[in-house]
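Comments concern the structure below.
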Amino acid sequence: MSGTSLDGVDAVIADFAPQQGLCATLGAAHAPMPELLRDELAELQGRCDDELGRAARASLALADLYAAAIADACRNAGVAQADLVAAGVHGQTVRHRPDESWTLQLNDPARVAERAGVTVVADFRRRDMAAGGQGAPLVPAFHAALFGRADLARAVLNVGGVANVTLLVPGEPVRGFDTGPGNTLLDLWYSRHGEGLFDAGGAWAASGRVDHALLAALLADPYFGAPPPKSTGRDHFNAGWLDAALARHAGFYHPADVQATLTALTARAAAEAIHREAPAVTELLVCGGGARNLTLLRTLARDLRPCAILSTAELGIAVEHVEALAFAWLAREALAGRPASLPSVTGARGPRVLGAIYPR
């Protein structure tokens with residue numbers, strides 16, 4: 001899995017029990033995104049020269065990175081690549097336009113299959129979109145299989161570049177949607193003003209103060225109040241969006257205060273969505289890179305009180321592994337011919353088998 005934060009590739013080796021959702025992580029690896037490739041992918045999020053050629057070359061580089069991550073994870077797990085049933089390789093989303101029924105993930109799954117010597121399952125979004133759905137988020141079915149309980153109303157919040165929530169309320173259909181920006185704007189602002197790519201632990205945000213007028217202006221974006229099904233990405237929440245919002249509310253903003261406000265935005269958007277869509281939720285599980293942002297977690301705890309806030313690591317699933325495990329699970333479902341999309345999440349006309357298969 002390589003997400004919208006563009007920080008790198010996470011690979012996990014998953015051993016699934018016969019029961020759906022039960023799995024063990026045998027090994028894992030993280031491959032940092034090379035700086036030149038990260039910069040290229042960031043530029044390809046918007047209009048640029050020679051888009052087709054640059055996207056094709058980036059796809060090749062990504063495929064090699066995915067294959068290397070698979071090999072590293074196998075070594076760490078003590079598993080031969082030939083013994084893998086398949087690898088679920090989602091690709092790198094550079095455009096997501098559900099309003100126009102299209103999405104684009106850069107990937108070369110045939111090259112991954114050749115380089116890694118494994119069957120590859122890819123292209124998970126487009127079948128759902130062809131059936132009238134958003135094609136995202138894709139992880140709620142896995143969240144339900146892994147974390148759903150008949151006696152507890154839970155939500156699962158994945159904070160990657162974009163934040164998405166899964167609502168697991170007993171007696172109700174599984175629902176989920178993107179709540180808005182996760183780490184994307186935080187990383188963008190930090191990279192402009194700090195030394196490094198991200199605000200480790202949310203320490204810089206903690207040094208600032210939330211500008212409540214600016215927070216209200218950011219939350220006025222129509223996306224936050226729109227009902228699900230809905231999904232978003234860097235197409236919407238990007239540098240241009242943030243700069244335009246700051247320009248509309250002219251004044252001096254201390255950089256650390258903007259970081260604190262953006263952290264509050266991620267938390268408040270998620271909390272308000274959960275309160276509005278699933279008020280019965282009493283426990284929130286947090287995963288993704290944002291689960292290591294202590295300032296974000298404290299803000300979530302305040303905005304969602306008295307809801308309990310836990311990391312998925314407290315249930316034995318490392319926060320950086322949940323999304324990669326989800327795509328391993330989606331690959332397994334595709335190979336078995338089982339539908340893995342949820343119309344209650346995406347708004348599609350019905351459940352569909354997701355993914356195209358590239359044999360080893």
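Starting from 1 in every chain, residues are counted up; chains themselves are A, B, ... following the order of the structure tokens, and ligands are numbered from 1 as listed.
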
Report the closest atom pair, with its distance in Å rounded to one decimal, for each residue of range 141-181 of chain A that has an atom no farther than 10 Å from range 318-324 of chain A; count only C-alpha atoms, sort by chain and then rising residue number, and write it as a tab-separated table.
```
residue	atom	partner	partner_atom	distance
A:Phe142	CA	A:Glu323	CA	9.1
A:His143	CA	A:Val322	CA	8.7
A:Leu146	CA	A:Val322	CA	9.9
A:Asn158	CA	A:Glu323	CA	8.1
A:Val159	CA	A:Val319	CA	9.6
A:Gly160	CA	A:Glu323	CA	9.4
```

Long-range neighbours of Ala56 in chain A as a JSON list (two decimals) with N, CA, C and O atoms, in the first residue's frame, 10 Å cut-off, only C-alpha atoms, 5 positions minimum in chain:
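Writing done, so here's around.json:
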```json
[["chain", "number", "residue", "atom", "x", "y", "z"],
["A", 51, "GLU", "N", 2.04, 14.82, -19.11],
["A", 51, "GLU", "CA", 1.42, 14.01, -18.06],
["A", 51, "GLU", "C", 1.43, 12.52, -18.39],
["A", 51, "GLU", "O", 1.74, 11.70, -17.52],
["A", 61, "ALA", "N", 8.39, 2.96, -12.02],
["A", 61, "ALA", "CA", 9.17, 3.12, -10.79],
["A", 61, "ALA", "C", 8.40, 2.61, -9.58],
["A", 61, "ALA", "O", 8.97, 1.97, -8.68],
["A", 62, "LEU", "N", 7.11, 2.88, -9.55],
["A", 62, "LEU", "CA", 6.28, 2.37, -8.45],
["A", 62, "LEU", "C", 6.24, 0.85, -8.46],
["A", 62, "LEU", "O", 6.35, 0.22, -7.40],
["A", 106, "LEU", "N", -1.79, 4.99, -10.37],
["A", 106, "LEU", "CA", -0.59, 4.64, -11.13],
["A", 106, "LEU", "C", -0.05, 3.31, -10.61],
["A", 106, "LEU", "O", 0.14, 3.11, -9.42],
["A", 107, "ASN", "N", 0.20, 2.41, -11.54],
["A", 107, "ASN", "CA", 0.64, 1.07, -11.19],
["A", 107, "ASN", "C", 0.97, 0.34, -12.49],
["A", 107, "ASN", "O", 0.51, 0.72, -13.56],
["A", 108, "ASP", "N", 1.80, -0.68, -12.40],
["A", 108, "ASP", "CA", 2.02, -1.59, -13.52],
["A", 108, "ASP", "C", 2.01, -3.00, -12.94],
["A", 108, "ASP", "O", 3.05, -3.59, -12.66]]
```

>> Let me make sure I understand: among A:Gly208, A:Gly171, A:Gly8, A:Pro255, which one has the smallest atom-to-atom distance to Ala29 in chain A if we use only C-alpha atoms?
In response: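 Of A:Gly208, A:Gly171, A:Gly8, A:Pro255, the one nearest Ala29 in chain A is A:Gly8, counting only C-alpha atoms.
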
> So which bits of range 70-218 of chain A end up strand (DSSP E or B) when you DSSP the backbone, as JSON, numbers by chain?
Replying inline: {"A": [87, 88, 92, 93, 94, 95, 96, 97, 102, 103, 104, 105, 106, 120, 121, 122, 149, 152, 154, 155, 156, 157, 158, 159, 162, 163, 164, 165, 166, 167, 168, 175, 176, 177, 178, 179, 180, 181]}

Output the selection as a tab-separated table (two decimals), in the first residue's frame - N, CA and C atoms for each residue.
```
chain	number	residue	atom	x	y	z
A	87	ALA	N	-0.50	-11.08	-4.27
A	87	ALA	CA	-0.24	-9.77	-3.65
A	87	ALA	C	-1.32	-8.81	-4.12
A	88	GLY	N	-1.98	-8.16	-3.18
A	88	GLY	CA	-2.92	-7.10	-3.52
A	88	GLY	C	-2.15	-5.79	-3.63
A	92	GLN	N	-0.89	3.84	-6.76
A	92	GLN	CA	-0.85	5.18	-6.16
A	92	GLN	C	-1.93	6.06	-6.78
A	93	THR	N	-2.90	6.44	-5.99
A	93	THR	CA	-3.97	7.30	-6.50
A	93	THR	C	-3.43	8.70	-6.77
A	94	VAL	N	-3.60	9.16	-8.00
A	94	VAL	CA	-3.20	10.53	-8.34
A	94	VAL	C	-4.40	11.39	-8.72
A	95	ARG	N	-5.49	10.78	-9.12
A	95	ARG	CA	-6.73	11.52	-9.38
A	95	ARG	C	-7.89	10.64	-8.93
A	96	HIS	N	-8.88	11.26	-8.30
A	96	HIS	CA	-10.08	10.54	-7.91
A	96	HIS	C	-11.26	11.46	-8.12
A	97	ARG	N	-12.07	11.16	-9.16
A	97	ARG	CA	-13.19	12.02	-9.53
A	97	ARG	C	-14.48	11.22	-9.61
A	102	TRP	N	-14.72	8.44	-12.59
A	102	TRP	CA	-13.41	7.90	-12.94
A	102	TRP	C	-12.41	8.12	-11.81
A	103	THR	N	-11.41	7.28	-11.81
A	103	THR	CA	-10.35	7.34	-10.82
A	103	THR	C	-9.08	6.85	-11.49
A	104	LEU	N	-7.92	7.26	-10.98
A	104	LEU	CA	-6.66	6.86	-11.61
A	104	LEU	C	-5.64	6.49	-10.54
A	105	GLN	N	-5.20	5.23	-10.59
A	105	GLN	CA	-4.12	4.76	-9.74
A	105	GLN	C	-2.93	4.39	-10.62
A	106	LEU	N	-1.79	4.99	-10.37
A	106	LEU	CA	-0.59	4.64	-11.13
A	106	LEU	C	-0.05	3.31	-10.61
A	120	VAL	N	-0.67	-11.08	-8.94
A	120	VAL	CA	-0.99	-9.74	-8.45
A	120	VAL	C	-2.47	-9.45	-8.72
A	121	VAL	N	-3.12	-8.90	-7.72
A	121	VAL	CA	-4.49	-8.40	-7.87
A	121	VAL	C	-4.43	-6.88	-7.73
A	122	ALA	N	-4.99	-6.17	-8.71
A	122	ALA	CA	-4.92	-4.71	-8.74
A	122	ALA	C	-6.23	-4.15	-9.28
A	149	ARG	N	-18.24	-6.13	16.00
A	149	ARG	CA	-18.70	-6.89	17.15
A	149	ARG	C	-20.20	-6.74	17.29
A	152	LEU	N	-21.05	-4.18	20.42
A	152	LEU	CA	-20.35	-2.91	20.60
A	152	LEU	C	-20.45	-2.06	19.34
A	154	ARG	N	-18.86	0.45	17.18
A	154	ARG	CA	-17.51	0.93	16.96
A	154	ARG	C	-17.42	1.76	15.69
A	155	ALA	N	-16.42	2.62	15.66
A	155	ALA	CA	-16.01	3.27	14.42
A	155	ALA	C	-14.51	3.04	14.26
A	156	VAL	N	-14.07	2.94	13.02
A	156	VAL	CA	-12.65	2.79	12.71
A	156	VAL	C	-12.26	3.98	11.87
A	157	LEU	N	-11.28	4.74	12.34
A	157	LEU	CA	-10.82	5.93	11.62
A	157	LEU	C	-9.41	5.69	11.13
A	158	ASN	N	-9.25	5.66	9.81
A	158	ASN	CA	-7.94	5.54	9.19
A	158	ASN	C	-7.47	6.94	8.79
A	159	VAL	N	-6.38	7.38	9.40
A	159	VAL	CA	-5.87	8.72	9.10
A	159	VAL	C	-4.59	8.58	8.28
A	162	VAL	N	-5.68	11.21	3.42
A	162	VAL	CA	-7.10	11.51	3.61
A	162	VAL	C	-7.59	10.63	4.75
A	163	ALA	N	-8.55	11.12	5.52
A	163	ALA	CA	-9.10	10.33	6.63
A	163	ALA	C	-10.41	9.69	6.18
A	164	ASN	N	-10.57	8.42	6.52
A	164	ASN	CA	-11.84	7.75	6.23
A	164	ASN	C	-12.30	7.01	7.47
A	165	VAL	N	-13.61	6.91	7.61
A	165	VAL	CA	-14.20	6.29	8.79
A	165	VAL	C	-15.11	5.15	8.37
A	166	THR	N	-15.11	4.08	9.16
A	166	THR	CA	-16.04	2.97	9.01
A	166	THR	C	-16.92	2.91	10.24
A	167	LEU	N	-18.23	2.80	10.04
A	167	LEU	CA	-19.19	2.79	11.14
A	167	LEU	C	-19.74	1.38	11.30
A	168	LEU	N	-19.46	0.78	12.45
A	168	LEU	CA	-19.84	-0.60	12.73
A	168	LEU	C	-20.82	-0.62	13.89
A	175	ARG	N	-21.31	1.15	7.16
A	175	ARG	CA	-21.19	2.37	6.38
A	175	ARG	C	-19.78	2.93	6.53
A	176	GLY	N	-19.39	3.75	5.58
A	176	GLY	CA	-18.07	4.36	5.65
A	176	GLY	C	-17.92	5.42	4.57
A	177	PHE	N	-17.01	6.36	4.81
A	177	PHE	CA	-16.80	7.44	3.85
A	177	PHE	C	-15.55	8.20	4.26
A	178	ASP	N	-15.05	9.01	3.35
A	178	ASP	CA	-13.94	9.89	3.65
A	178	ASP	C	-14.47	11.09	4.43
A	179	THR	N	-13.83	11.39	5.57
A	179	THR	CA	-14.28	12.52	6.38
A	179	THR	C	-13.64	13.82	5.94
A	180	GLY	N	-12.52	13.76	5.20
A	180	GLY	CA	-11.83	14.96	4.75
A	180	GLY	C	-10.34	14.77	4.84
A	181	PRO	N	-9.57	15.84	4.93
A	181	PRO	CA	-8.12	15.71	4.96
A	181	PRO	C	-7.66	14.99	6.22
```

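Proximity to Thr184 in chain A was assessed for A:Arg234, A:Arg248, A:Arg352, A:Arg125 counting only C-alpha atoms; the smallest distance is recorded for A:Arg234.
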